[in-house]
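Dropping final.txt in here (compact mmCIF, C-alpha atoms):
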# COMPACT_ATOMS: atom_id res chain seq x y z
CA MET E 11 19.25 4.96 -27.87
CA ASN E 12 18.51 8.40 -26.49
CA ASP E 13 21.03 11.21 -26.64
CA ASN E 14 22.90 12.96 -23.92
CA LEU E 15 21.98 16.47 -22.89
CA LYS E 16 24.58 18.91 -21.70
CA ILE E 17 23.68 22.35 -20.49
CA ILE E 18 26.03 25.11 -19.44
CA GLY E 19 24.67 28.52 -18.59
CA THR E 20 21.04 29.52 -18.60
CA THR E 21 18.72 27.58 -20.86
CA SER E 22 15.28 26.22 -21.18
CA SER E 23 14.25 22.89 -22.62
CA ALA E 24 11.03 21.16 -23.50
CA GLY E 25 12.07 18.04 -21.60
CA GLY E 26 12.01 14.53 -22.98
CA SER E 27 13.95 11.31 -22.79
CA PHE E 28 17.71 11.36 -22.55
CA LYS E 29 20.57 9.11 -21.65
CA ASP E 30 22.75 11.31 -19.46
CA VAL E 31 21.83 14.84 -18.49
CA LYS E 32 24.41 17.24 -17.18
CA ILE E 33 23.45 20.71 -16.05
CA THR E 34 25.91 23.34 -14.91
CA GLY E 35 24.01 26.54 -14.39
CA GLU E 36 20.32 27.02 -14.68
CA CYS E 37 17.73 25.17 -16.67
CA LYS E 38 13.98 25.19 -16.99
CA PHE E 39 12.19 22.17 -18.39
CA ALA E 40 8.69 22.68 -19.71
CA GLY E 41 7.70 19.02 -19.47
CA ASP E 42 8.59 15.58 -18.10
CA VAL E 43 12.20 14.48 -18.04
CA ASN E 44 13.34 10.87 -18.31
CA CYS E 45 16.97 9.95 -18.07
CA GLU E 46 19.54 7.46 -16.90
CA LYS E 47 21.85 9.80 -15.06
CA LEU E 48 21.34 13.36 -14.00
CA ASN E 49 24.12 15.53 -12.79
CA LEU E 50 23.07 18.93 -11.55
CA THR E 51 25.28 21.75 -10.37
CA GLY E 52 23.10 24.80 -10.06
CA ASN E 53 19.40 25.20 -10.49
CA ALA E 54 16.76 23.19 -12.26
CA ASN E 55 13.06 23.70 -12.59
CA ILE E 56 10.84 21.03 -14.04
CA ALA E 57 7.21 21.66 -14.91
CA GLY E 58 6.44 17.97 -14.80
CA ASN E 59 7.84 14.68 -13.51
CA LEU E 60 11.40 13.52 -13.34
CA HIS E 61 12.28 9.89 -13.73
CA MET E 62 15.91 8.91 -13.46
CA LYS E 63 18.12 6.05 -12.39
CA GLN E 64 20.91 7.97 -10.75
CA MET E 65 21.12 11.57 -9.74
CA LYS E 66 23.72 13.79 -8.20
CA ILE E 67 22.83 17.25 -7.05
CA THR E 68 24.68 20.30 -5.81
CA GLY E 69 22.14 23.06 -5.81
CA GLU E 70 18.42 23.26 -6.13
CA ILE E 71 15.74 21.41 -7.98
CA ALA E 72 12.05 22.16 -7.99
CA LEU E 73 9.49 19.90 -9.65
CA GLU E 74 5.82 20.34 -10.18
CA GLY E 75 5.37 16.60 -10.48
CA SER E 76 6.91 13.54 -8.94
CA LEU E 77 10.55 12.68 -8.51
CA GLU E 78 11.29 9.00 -9.05
CA GLY E 79 14.47 7.04 -9.35
CA ASP E 80 16.90 4.50 -7.96
CA SER E 81 19.38 6.71 -6.20
CA LEU E 82 20.00 10.36 -5.43
CA HIS E 83 22.68 11.96 -3.42
CA GLY E 84 24.00 15.45 -2.94
CA GLN E 85 23.63 18.76 -1.22
CA GLY E 86 20.97 21.35 -1.64
CA GLU E 87 17.27 21.70 -1.84
CA ILE E 88 14.65 19.47 -3.40
CA LYS E 89 11.03 20.43 -3.86
CA ALA E 90 8.55 18.04 -5.42
CA ALA E 91 4.92 16.94 -5.35
CA SER E 92 5.97 13.41 -4.42
CA VAL E 93 9.23 11.53 -4.07
CA LYS E 94 9.98 7.86 -4.63
CA ILE E 95 13.65 7.02 -4.54
CA ASP E 96 15.22 3.76 -3.39
CA LYS E 97 18.36 5.31 -1.97
CA LEU E 98 18.32 8.96 -1.02
CA HIS E 99 21.17 10.68 0.72
CA LEU E 100 20.76 14.40 1.03
CA TYR E 101 22.38 17.20 2.95
CA GLY E 102 19.96 20.05 2.87
CA ASN E 103 16.28 20.61 2.60
CA LEU E 104 13.58 18.34 1.28
CA ASP E 105 10.11 19.68 0.70
CA VAL E 106 7.41 17.28 -0.48
CA LYS E 107 3.74 18.12 -0.98
CA GLY E 108 2.61 14.50 -1.01
CA ASP E 109 4.23 11.21 0.00
CA CYS E 110 7.94 10.53 0.24
CA GLU E 111 8.93 6.89 -0.10
CA GLY E 112 12.16 4.99 -0.30
CA GLU E 113 14.11 2.00 0.88
CA LYS E 114 16.94 3.89 2.48
CA LEU E 115 16.40 7.56 3.18
CA GLN E 116 19.15 9.52 4.85
CA ILE E 117 18.60 13.19 5.30
CA SER E 118 20.79 15.63 7.16
CA GLY E 119 19.04 18.94 7.40
CA ALA E 120 15.39 19.70 7.36
CA LEU E 121 12.44 18.13 5.70
CA SER E 122 8.78 18.75 5.36
CA VAL E 123 6.53 16.03 4.04
CA ALA E 124 2.82 16.78 3.81
CA GLY E 125 1.85 13.14 3.35
CA LEU E 126 3.39 9.84 4.36
CA LEU E 127 7.10 9.49 4.89
CA SER E 128 7.83 5.81 4.45
CA ALA E 129 11.09 3.91 4.30
CA GLU E 130 12.63 0.63 5.22
CA HIS E 131 15.43 2.52 6.83
CA LEU E 132 14.96 6.17 7.67
CA GLU E 133 17.61 8.31 9.24
CA ILE E 134 17.14 11.99 9.82
CA LYS E 135 19.82 14.18 11.28
CA LEU E 136 17.95 17.27 12.28
CA PHE E 137 19.30 20.70 11.92
CA GLY E 138 16.22 22.55 10.95
CA PRO E 139 12.57 22.43 11.89
CA SER E 140 11.01 19.41 10.20
CA SER E 141 7.66 17.77 9.89
CA ALA E 142 5.77 14.89 8.33
CA LYS E 143 2.12 14.00 8.60
CA GLU E 144 2.83 10.31 9.05
CA VAL E 145 5.97 8.26 9.26
CA GLY E 146 6.01 4.52 8.67
CA GLY E 147 8.64 1.90 8.08
CA SER E 148 10.97 -0.58 9.61
CA ILE E 149 13.90 1.20 11.23
CA LEU E 150 13.25 4.86 11.96
CA THR E 151 15.90 7.03 13.56
CA ILE E 152 15.91 10.72 14.27
CA LYS E 153 19.12 12.23 15.56
CA LYS E 154 20.46 15.69 16.22
CA SER E 155 23.26 16.59 13.92
CA LYS E 156 26.51 17.95 15.25
CA THR E 157 26.39 20.76 12.73
CA GLY E 158 22.99 21.65 14.08
CA ARG E 159 24.32 21.91 17.59
CA LEU E 160 27.10 24.17 16.38
CA LEU E 161 24.67 26.36 14.48
CA HIS E 162 22.54 26.54 17.53
CA MET E 163 25.42 27.84 19.60
CA MET E 164 26.18 30.58 17.14
CA LYS E 165 22.60 31.64 16.65
CA PRO E 166 20.39 30.44 19.46
CA THR E 167 16.94 30.09 18.04
CA SER E 168 14.05 28.15 19.42
CA LYS E 169 14.40 24.39 19.73
CA ILE E 170 14.60 22.46 16.53
CA MET E 171 11.91 19.80 16.49
CA PHE E 172 10.59 17.12 14.24
CA GLU E 173 6.81 17.15 14.24
CA ALA E 174 4.62 14.27 13.16
CA GLY E 175 1.09 13.06 13.66
CA LEU E 176 1.76 9.37 13.65
CA ILE E 177 4.99 7.40 13.70
CA GLU E 178 4.86 3.63 13.15
CA GLY E 179 7.78 1.26 12.80
CA ASP E 180 9.59 -1.81 14.07
CA ALA E 181 12.53 -0.07 15.68
CA ILE E 182 11.99 3.58 16.49
CA ASP E 183 14.63 5.83 17.98
CA LEU E 184 13.60 9.44 18.40
CA ILE E 185 15.02 12.67 19.68
CA SER E 186 13.49 16.17 19.69
CA THR E 187 10.26 14.86 18.29
CA LYS E 188 6.75 16.02 18.86
CA ALA E 189 4.12 13.46 17.89
CA SER E 190 0.59 12.54 18.81
CA MET E 191 1.06 8.80 18.41
CA VAL E 192 4.09 6.52 18.25
CA ARG E 193 3.56 2.81 17.62
CA GLY E 194 6.32 0.24 17.38
CA GLU E 195 7.96 -2.96 18.48
CA ARG E 196 11.01 -1.44 20.11
CA VAL E 197 10.72 2.24 20.91
CA ILE E 198 13.27 4.65 22.30
CA ILE E 199 12.01 8.10 23.18
CA GLY E 200 15.06 10.32 23.55
CA PRO E 201 15.64 13.76 25.06
CA ASP E 202 13.36 16.68 24.21
CA CYS E 203 10.54 14.53 22.88
CA GLU E 204 6.92 15.36 23.49
CA ILE E 205 4.71 12.40 22.74
CA GLU E 206 1.02 12.12 23.48
CA MET E 207 0.74 8.36 23.28
CA VAL E 208 3.16 5.49 22.81
CA GLU E 209 2.03 1.95 22.00
CA PHE E 210 4.81 -0.63 22.04
CA ARG E 211 5.05 -4.37 21.70
CA ASP E 212 8.51 -5.25 22.99
CA THR E 213 10.39 -2.52 24.75
CA LEU E 214 10.09 1.16 25.54
CA GLU E 215 12.76 3.47 26.88
CA VAL E 216 11.94 7.01 27.81
CA HIS E 217 14.67 9.54 28.45
CA LYS E 218 14.33 11.64 31.58
CA HIS E 219 14.13 14.80 29.51
CA ALA E 220 11.23 13.54 27.47
CA THR E 221 7.52 13.68 28.10
CA VAL E 222 5.23 10.82 27.22
CA LYS E 223 1.66 11.40 28.32
CA HIS E 224 0.33 7.89 27.92
CA GLN E 225 2.06 4.61 27.27
CA VAL E 226 0.57 1.20 26.60
CA LYS E 227 2.15 -2.16 26.05
CA ILE E 228 0.16 -4.15 23.53
CA MET L 5 -20.08 -2.21 7.30
CA GLU L 6 -18.10 -2.07 10.55
CA ASP L 7 -17.75 -5.85 10.64
CA ASP L 8 -16.06 -5.89 7.28
CA LEU L 9 -13.18 -3.74 8.46
CA ILE L 10 -10.17 -4.60 10.54
CA SER L 11 -7.92 -2.10 12.26
CA LYS L 12 -4.22 -2.03 11.60
CA LYS L 13 -3.49 -3.14 15.13
CA GLN L 14 -5.82 -6.14 14.91
CA LEU L 15 -4.35 -7.02 11.56
CA LEU L 16 -0.81 -7.12 12.92
CA ASP L 17 -1.92 -9.20 15.89
CA LEU L 18 -3.81 -11.62 13.72
CA THR L 19 -1.22 -12.14 11.02
CA GLY L 20 1.98 -11.68 13.00
CA ILE L 21 3.49 -9.30 10.48
CA SER L 22 5.34 -6.15 11.49
CA TYR L 23 4.80 -2.48 10.74
CA GLY L 24 7.89 -2.58 8.59
CA GLN L 25 6.47 -5.36 6.44
CA LEU L 26 3.15 -3.63 6.06
CA TYR L 27 4.73 -0.37 4.94
CA ARG L 28 7.14 -2.23 2.69
CA TRP L 29 4.27 -4.01 0.95
CA LYS L 30 2.44 -0.75 0.65
CA ARG L 31 5.44 0.89 -0.98
CA LYS L 32 5.75 -2.02 -3.38
CA GLN L 33 2.04 -1.72 -4.10
CA LEU L 34 1.39 -5.25 -2.96
CA ILE L 35 -1.38 -3.71 -0.92
CA PRO L 36 -3.38 -1.14 -2.86
CA GLU L 37 -3.63 2.39 -1.55
CA GLU L 38 -7.46 2.22 -1.56
CA TRP L 39 -7.43 -0.47 1.08
CA PHE L 40 -5.98 1.93 3.64
CA ILE L 41 -9.14 3.43 5.07
CA ARG L 42 -8.75 6.26 7.52
CA LYS L 43 -11.26 6.74 10.26
CA SER L 44 -11.41 8.87 13.35
CA THR L 45 -11.68 6.95 16.58
CA PHE L 46 -11.52 8.13 20.14
CA THR L 47 -7.74 7.64 20.12
CA GLY L 48 -7.35 9.77 17.03
CA GLN L 49 -6.96 8.66 13.46
CA GLU L 50 -6.80 4.95 12.82
CA THR L 51 -6.24 2.98 9.67
CA PHE L 52 -8.62 0.20 8.75
CA PHE L 53 -8.62 -2.39 6.00
CA PRO L 54 -11.34 -4.37 4.24
CA LYS L 55 -11.03 -7.49 6.34
CA GLU L 56 -11.43 -10.40 3.99
CA MET L 57 -9.45 -8.86 1.20
CA ILE L 58 -6.48 -7.83 3.31
CA LEU L 59 -6.32 -11.14 5.13
CA SER L 60 -6.29 -13.19 1.98
CA ARG L 61 -3.85 -10.77 0.35
CA ILE L 62 -1.43 -11.10 3.25
CA HIS L 63 -1.87 -14.84 3.16
CA ASN L 64 -1.00 -14.73 -0.53
CA ILE L 65 2.05 -12.58 0.01
CA VAL L 66 3.38 -14.71 2.82
CA ASN L 67 2.89 -17.90 0.84
CA MET L 68 4.32 -16.63 -2.39
CA LYS L 69 7.28 -15.01 -0.72
CA ASP L 70 9.78 -17.82 -0.97
CA GLY L 71 10.05 -18.10 -4.68
CA LEU L 72 9.71 -14.50 -5.76
CA SER L 73 11.08 -11.05 -5.11
CA LEU L 74 8.67 -8.41 -3.88
CA ASP L 75 8.69 -6.68 -7.24
CA GLU L 76 7.84 -9.85 -9.10
CA MET L 77 5.10 -10.54 -6.64
CA ALA L 78 3.65 -7.07 -6.99
CA ASP L 79 3.45 -7.57 -10.73
CA LYS L 80 1.73 -10.87 -10.39
CA LEU L 81 -0.76 -9.88 -7.76
CA SER L 82 -1.80 -6.62 -9.32
CA ASP L 83 -1.95 -8.12 -12.74
CA LYS L 84 -5.25 -9.79 -13.18
CA ALA L 85 -4.19 -10.73 -16.66
CA SER L 86 -1.75 -13.33 -15.42
CA PHE L 87 -4.59 -15.00 -13.56
CA GLU L 88 -6.92 -14.75 -16.50
CA LYS L 89 -4.53 -16.88 -18.46
CA VAL L 90 -4.69 -19.61 -15.87
CA SER L 91 -6.73 -22.60 -16.85
CA ILE L 92 -7.44 -25.35 -14.46
CA THR L 93 -8.84 -28.84 -14.72
CA ALA L 94 -11.74 -30.30 -12.80
CA LYS L 95 -9.35 -32.62 -11.02
CA GLU L 96 -7.27 -29.76 -9.72
CA ILE L 97 -10.34 -27.88 -8.58
CA ILE L 98 -11.36 -30.78 -6.43
CA GLU L 99 -7.87 -31.57 -5.21
CA ARG L 100 -7.21 -27.98 -4.22
CA ASN L 101 -10.63 -27.73 -2.69
CA ILE L 102 -11.46 -24.60 -4.65
CA VAL L 103 -15.04 -25.54 -5.38
CA SER L 104 -16.99 -28.40 -3.86
CA THR L 105 -17.67 -31.54 -5.85
CA THR L 106 -21.42 -30.96 -5.79
CA THR L 107 -21.18 -27.51 -7.33
CA LEU L 108 -18.66 -28.61 -9.87
CA ARG L 109 -20.72 -31.58 -10.95
CA LYS L 110 -23.87 -29.55 -11.25
CA PHE L 111 -22.55 -26.49 -13.06
CA GLY L 112 -19.15 -27.46 -14.29
CA GLU L 113 -20.27 -28.98 -17.55
CA SER L 114 -21.95 -25.90 -18.92
CA LEU L 115 -18.65 -24.04 -18.65
CA GLY L 116 -15.93 -26.06 -20.09
CA ASP L 117 -14.71 -27.96 -23.00
CA GLU L 118 -12.59 -30.90 -21.86
CA SER L 119 -12.99 -29.79 -18.28
CA LYS L 120 -10.56 -26.91 -18.49
CA TYR L 121 -11.86 -23.92 -16.63
CA THR L 122 -11.03 -20.29 -17.19
CA PHE L 123 -10.56 -17.77 -14.45
CA GLU L 124 -13.85 -15.97 -15.11
CA GLY L 125 -15.77 -19.21 -15.20
CA LEU L 126 -14.15 -20.19 -11.98
CA VAL L 127 -15.16 -16.91 -10.34
CA HIS L 128 -18.79 -17.73 -11.05
CA LEU L 129 -18.48 -21.27 -9.79
CA PHE L 130 -16.72 -20.00 -6.73
CA ALA L 131 -19.46 -17.47 -6.00
CA VAL L 132 -22.16 -20.09 -6.31
CA ASP L 133 -20.22 -22.53 -4.22
CA ARG L 134 -19.71 -20.07 -1.43
CA LEU L 135 -23.39 -19.42 -0.99
CA LEU L 136 -24.28 -23.07 -1.38
CA SER L 137 -21.81 -24.36 1.13
CA ALA L 138 -22.76 -21.66 3.60
CA GLY L 139 -26.23 -23.14 3.45
CA GLU L 140 -27.72 -19.84 2.46
CA MET L 141 -29.16 -20.88 -0.82
CA SER L 142 -31.08 -23.81 -2.23
CA MET L 143 -30.08 -25.75 -5.33
CA GLU L 144 -32.74 -24.08 -7.47
CA GLU L 145 -31.55 -20.67 -6.38
CA ALA L 146 -28.03 -21.72 -7.17
CA GLU L 147 -29.10 -22.50 -10.71
CA LEU L 148 -30.71 -19.12 -11.05
CA LEU L 149 -27.63 -17.40 -9.70
CA PHE L 150 -25.28 -19.27 -11.95
CA ARG L 151 -27.38 -18.48 -15.02
CA THR L 152 -27.56 -14.84 -14.02
CA LEU L 153 -23.83 -14.58 -13.61
CA GLU L 154 -23.11 -16.32 -16.88
CA GLU L 155 -25.50 -14.18 -18.84
CA LYS L 156 -25.28 -10.81 -17.22
CA VAL L 157 -21.76 -10.27 -15.95
CA SER L 158 -20.33 -9.73 -19.40
CA ARG L 159 -22.70 -6.80 -19.84
CA LEU L 160 -21.17 -4.90 -16.95
CA GLU L 161 -18.57 -2.82 -18.68
CA SER L 162 -16.56 -1.84 -15.65
CA GLY L 163 -15.81 -5.47 -14.92
CA SER L 164 -16.27 -5.06 -11.20
CA TRP L 165 -19.58 -5.96 -9.67
CA GLU L 166 -21.40 -6.66 -6.48
CA LEU L 167 -24.04 -9.26 -5.92
CA PHE L 168 -26.94 -8.89 -3.54
CA PHE L 169 -28.94 -11.93 -2.64
CA VAL L 170 -32.28 -10.97 -1.06
CA ARG L 171 -35.41 -12.69 0.09
CA LYS L 172 -38.82 -11.32 0.70
CA MET L 173 -41.69 -13.48 1.89
CA GLY L 174 -39.86 -16.57 0.78
CA VAL L 175 -39.22 -15.29 -2.71
CA SER L 176 -35.58 -14.89 -3.52
CA SER L 177 -33.85 -12.75 -6.07
CA PHE L 178 -30.38 -11.77 -7.12
CA ILE L 179 -29.34 -8.23 -7.87
CA LEU L 180 -26.19 -7.61 -9.79
CA ALA L 181 -24.82 -4.09 -9.64
CA ARG L 182 -21.75 -2.31 -10.84
CA ALA L 183 -19.34 -1.78 -7.94
CA PRO L 184 -19.29 0.18 -5.72
CA ALA L 185 -23.01 -0.06 -5.13
CA GLU L 186 -25.19 0.80 -2.20
CA LEU L 187 -28.72 -0.42 -2.14
CA TRP L 188 -31.55 0.19 0.25
CA PHE L 189 -34.48 -2.16 0.61
CA ASP L 190 -37.91 -1.94 2.14
CA GLU L 191 -38.50 -3.44 5.53
CA GLY L 192 -39.71 -6.84 4.40
CA VAL L 193 -36.55 -7.58 2.51
CA ARG L 194 -33.85 -9.65 4.09
CA LEU L 195 -30.38 -9.36 2.66
CA VAL L 196 -29.17 -12.93 2.77
CA SER L 197 -25.75 -12.32 1.39
CA LYS L 198 -23.64 -9.80 -0.41
CA MET L 199 -20.56 -10.57 -2.43
CA THR L 200 -18.17 -8.37 -4.28
CA TYR L 201 -16.23 -9.36 -7.33
CA ALA L 202 -13.05 -7.86 -5.88
CA ASP L 203 -13.44 -10.02 -2.83
CA LEU L 204 -14.05 -13.17 -4.83
CA ILE L 205 -11.09 -12.74 -7.11
CA GLU L 206 -8.85 -11.90 -4.20
CA GLN L 207 -9.71 -15.20 -2.58
CA LEU L 208 -9.45 -17.09 -5.82
CA LYS L 209 -6.07 -15.55 -6.49
CA GLY L 210 -4.93 -16.96 -3.20
CA LYS L 211 -6.05 -20.41 -4.17
CA LEU L 212 -4.53 -20.15 -7.61
CA ALA L 213 -1.26 -18.48 -6.68
CA TYR L 214 0.47 -21.85 -6.81
CA LYS L 215 -0.27 -21.94 -10.53
CA LEU L 216 1.86 -18.88 -11.13
CA VAL L 217 4.76 -19.98 -9.02
CA GLU L 218 5.09 -23.35 -10.66
What is this structure when it is put down as structure tokens?
Amino acid sequence: MNDNLKIIGTTSSAGGSFKDVKITGECKFAGDVNCEKLNLTGNANIAGNLHMKQMKITGEIALEGSLEGDSLHGQGEIKAASVKIDKLHLYGNLDVKGDCEGEKLQISGALSVAGLLSAEHLEIKLFGPSSAKEVGGSILTIKKSKTGRLLHMMKPTSKIMFEAGLIEGDAIDLISTKASMVRGERVIIGPDCEIEMVEFRDTLEVHKHATVKHQVKI
Amino acid sequence: MEDDLISKKQLLDLTGISYGQLYRWKRKQLIPEEWFIRKSTFTGQETFFPKEMILSRIHNIVNMKDGLSLDEMADKLSDKASFEKVSITAKEIIERNIVSTTTLRKFGESLGDESKYTFEGLVHLFAVDRLLSAGEMSMEEAELLFRTLEEKVSRLESGSWELFFVRKMGVSSFILARAPAELWFDEGVRLVSKMTYADLIEQLKGKLAYKLVE
């Protein structure tokens, strides 16, 4: 069986396969990391892929490769080339250069996904400008977070929006979203949305403070 | 080429599956990434799929669903090896209507000892049978095709091939090329039929899926 790795302070490591990894402080990995559990408080930098079963984060992690695992939850910032995690629950910022996939993705904060954002159940509570090229899945919900509203009162910046090219799902519930195309069975377009085109199969609700240029029932 | 593709919208209408299911199967790699073909249309970007392959794949998924979890299914469908292990008797072939009796009687013997057929052998029979039953090919041509497949396919290292069946002035010939292949012919040539290995095995997998679930 693989060993545990425990890091306190500032260190670098070549990477490798471990059982449990615990980082308090700062660590740079020069290669891929495989582990059962990863507990990070602080900063981690991985010049490769990370494969884990369970991960807890308070801080920042940046990967050059892909981030894969069963579950991840915590606060902070995650940067990766691609993400594939069954259950992701993050308060903070998620930045993905490729696709981001999962079964249940819950993100409170901001996210930017350059590829496809796909989940069975996606819930985003916006409090920062966010974007994804495409969004696809079963139940897709975008809400405004209360924290975001509070922040907005203290420091009124421009409107926080979620921008996407295409959004496709079974049940879609959007708010503050700008998209060129939304396709779904049951679609709710909430306040502050700007949608070019909506195609729906069952139902469509459009809030009075939303603009939908074209809508088609198919 | 356009006829071979189906748009995502048409696919959902035709099969009755939902966006959620489609994305779920994509995430589980039940539907390969390469099958998602992006094209610009007047409404913007649209996703298309290779029609025959996606339809039979969805049929397979829907029919296998009861007994297996999605992960198990993904393993089975992507893994050609599990199909290559399948052997099937002449009786089953006829019962399951995989290959017609005529084809089997004519070509079956050269393939098998004790009428057990391997997956590869079955692919060849299946290819021949498809052209024969579509009425596109005569019995003599079928013999030529079958011989060609038996002799030449093993020489294609990549494993994946495409078959072009052409006629010119009543003379027919078969061209076997490594996939993906694009061929251009002179004006007198009529392309009677084109088959791809990927397409054939996808359909065969559908017919044989019951073997794996048993």
For this session: Find the residues in chain E near chain L: any atom within 9 Å counts, using only C-alpha atoms. Write them as an NGL selection string.
Result: :E and (111-113 or 128-130 or 146-149 or 176 or 178-181 or 190-191 or 193-195)
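Distances from E:Asp105, E:Asp42, E:Glu133, E:Glu87 to Gly75 (chain E) were compared using only C-alpha atoms, and the smallest one belongs to E:Asp42.
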Problem set entry | d(CA of Met173 (chain L), CA of Gly192 (chain L)) in Å | 7.4 Å
Exercise. Can you tell me, as number ranges by chain, what residues are no more than 9 Å from region 12-15 of chain E when counting all atoms listed in the file, ignoring any on the same chain fewer than 3 positions away?
Worked result: E: 27-33, 45
Take the selection from the previous step and output its residues with C-alpha atoms, as a PDB file, keeping the file's coordinate frame.
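This went into part.pdb:
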ATOM      1  CA  SER E  27      13.950  11.310 -22.790  1.00  0.00           C
ATOM      2  CA  PHE E  28      17.710  11.360 -22.550  1.00  0.00           C
ATOM      3  CA  LYS E  29      20.570   9.110 -21.650  1.00  0.00           C
ATOM      4  CA  ASP E  30      22.750  11.310 -19.460  1.00  0.00           C
ATOM      5  CA  VAL E  31      21.830  14.840 -18.490  1.00  0.00           C
ATOM      6  CA  LYS E  32      24.410  17.240 -17.180  1.00  0.00           C
ATOM      7  CA  ILE E  33      23.450  20.710 -16.050  1.00  0.00           C
ATOM      8  CA  CYS E  45      16.970   9.950 -18.070  1.00  0.00           C
TER       9      CYS E  45
END
Problem set entry | Contacts of Pro36 (chain L) at 12 Å (all atoms listed in the file; same-chain gap of 2+ positions) as an NGL selection string | :L and (26-34 or 38-41 or 53-54 or 57-58 or 61-62 or 78 or 81-82)
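Taking CA of Lys153 (chain E) and CA of Tyr101 (chain E) as endpoints, the distance between them is 13.9 Å.
In terms of minimum interatomic distance to Glu37 (chain L), L:Thr51 ranks closest within L:Thr51, L:Thr106, L:Thr200, L:Asn101, counting only C-alpha atoms.
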For this session: Extract, using all atoms listed in the file, all DNA, RNA and protein residues at most 7 Å from Leu73 (chain E), discarding same-chain residues fewer than 5 positions from it, and format them as a ChimeraX atom specification.
Result: /E:55-59,89-91
Problem set entry | Atom pair CA of His63 (chain L) / CA of Leu9 (chain L): separation (Å) | 16.7 Å
For this session: Tell me, as a PyMOL selection string, which residues lie within 12 Å of Leu135 (chain L), counting all atoms listed in the file; anything in the same chain fewer than 4 positions away does not count.
Result: chain L and resi 103-104+107+128-131+139-143+145-147+149-150+167-169+196-199+204
Problem set entry | Cut-off 7 Å around (0.2, -3.4, 21.4) with only C-alpha atoms: residues as a PyMOL selection string | chain E and resi 209-211+226-228
For this session: Compare E:Lys16, E:Lys143, E:Lys97, E:Lys63 by their minimum atom-to-atom distance to Glu36 (chain E), counting all atoms listed in the file, and give me the closest one.
Result: E:Lys16
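Every protein or nucleic acid residue with an atom no more than 6 Å from region 198-203 of chain E, counting only C-alpha atoms and leaving out same-chain residues fewer than 4 positions away, appears here: E:Asp183, E:Leu184, E:Ile185, E:Ser186, E:Thr187, E:Lys188, E:Leu214, E:Glu215, E:Val216, E:His217, E:His219, E:Ala220.
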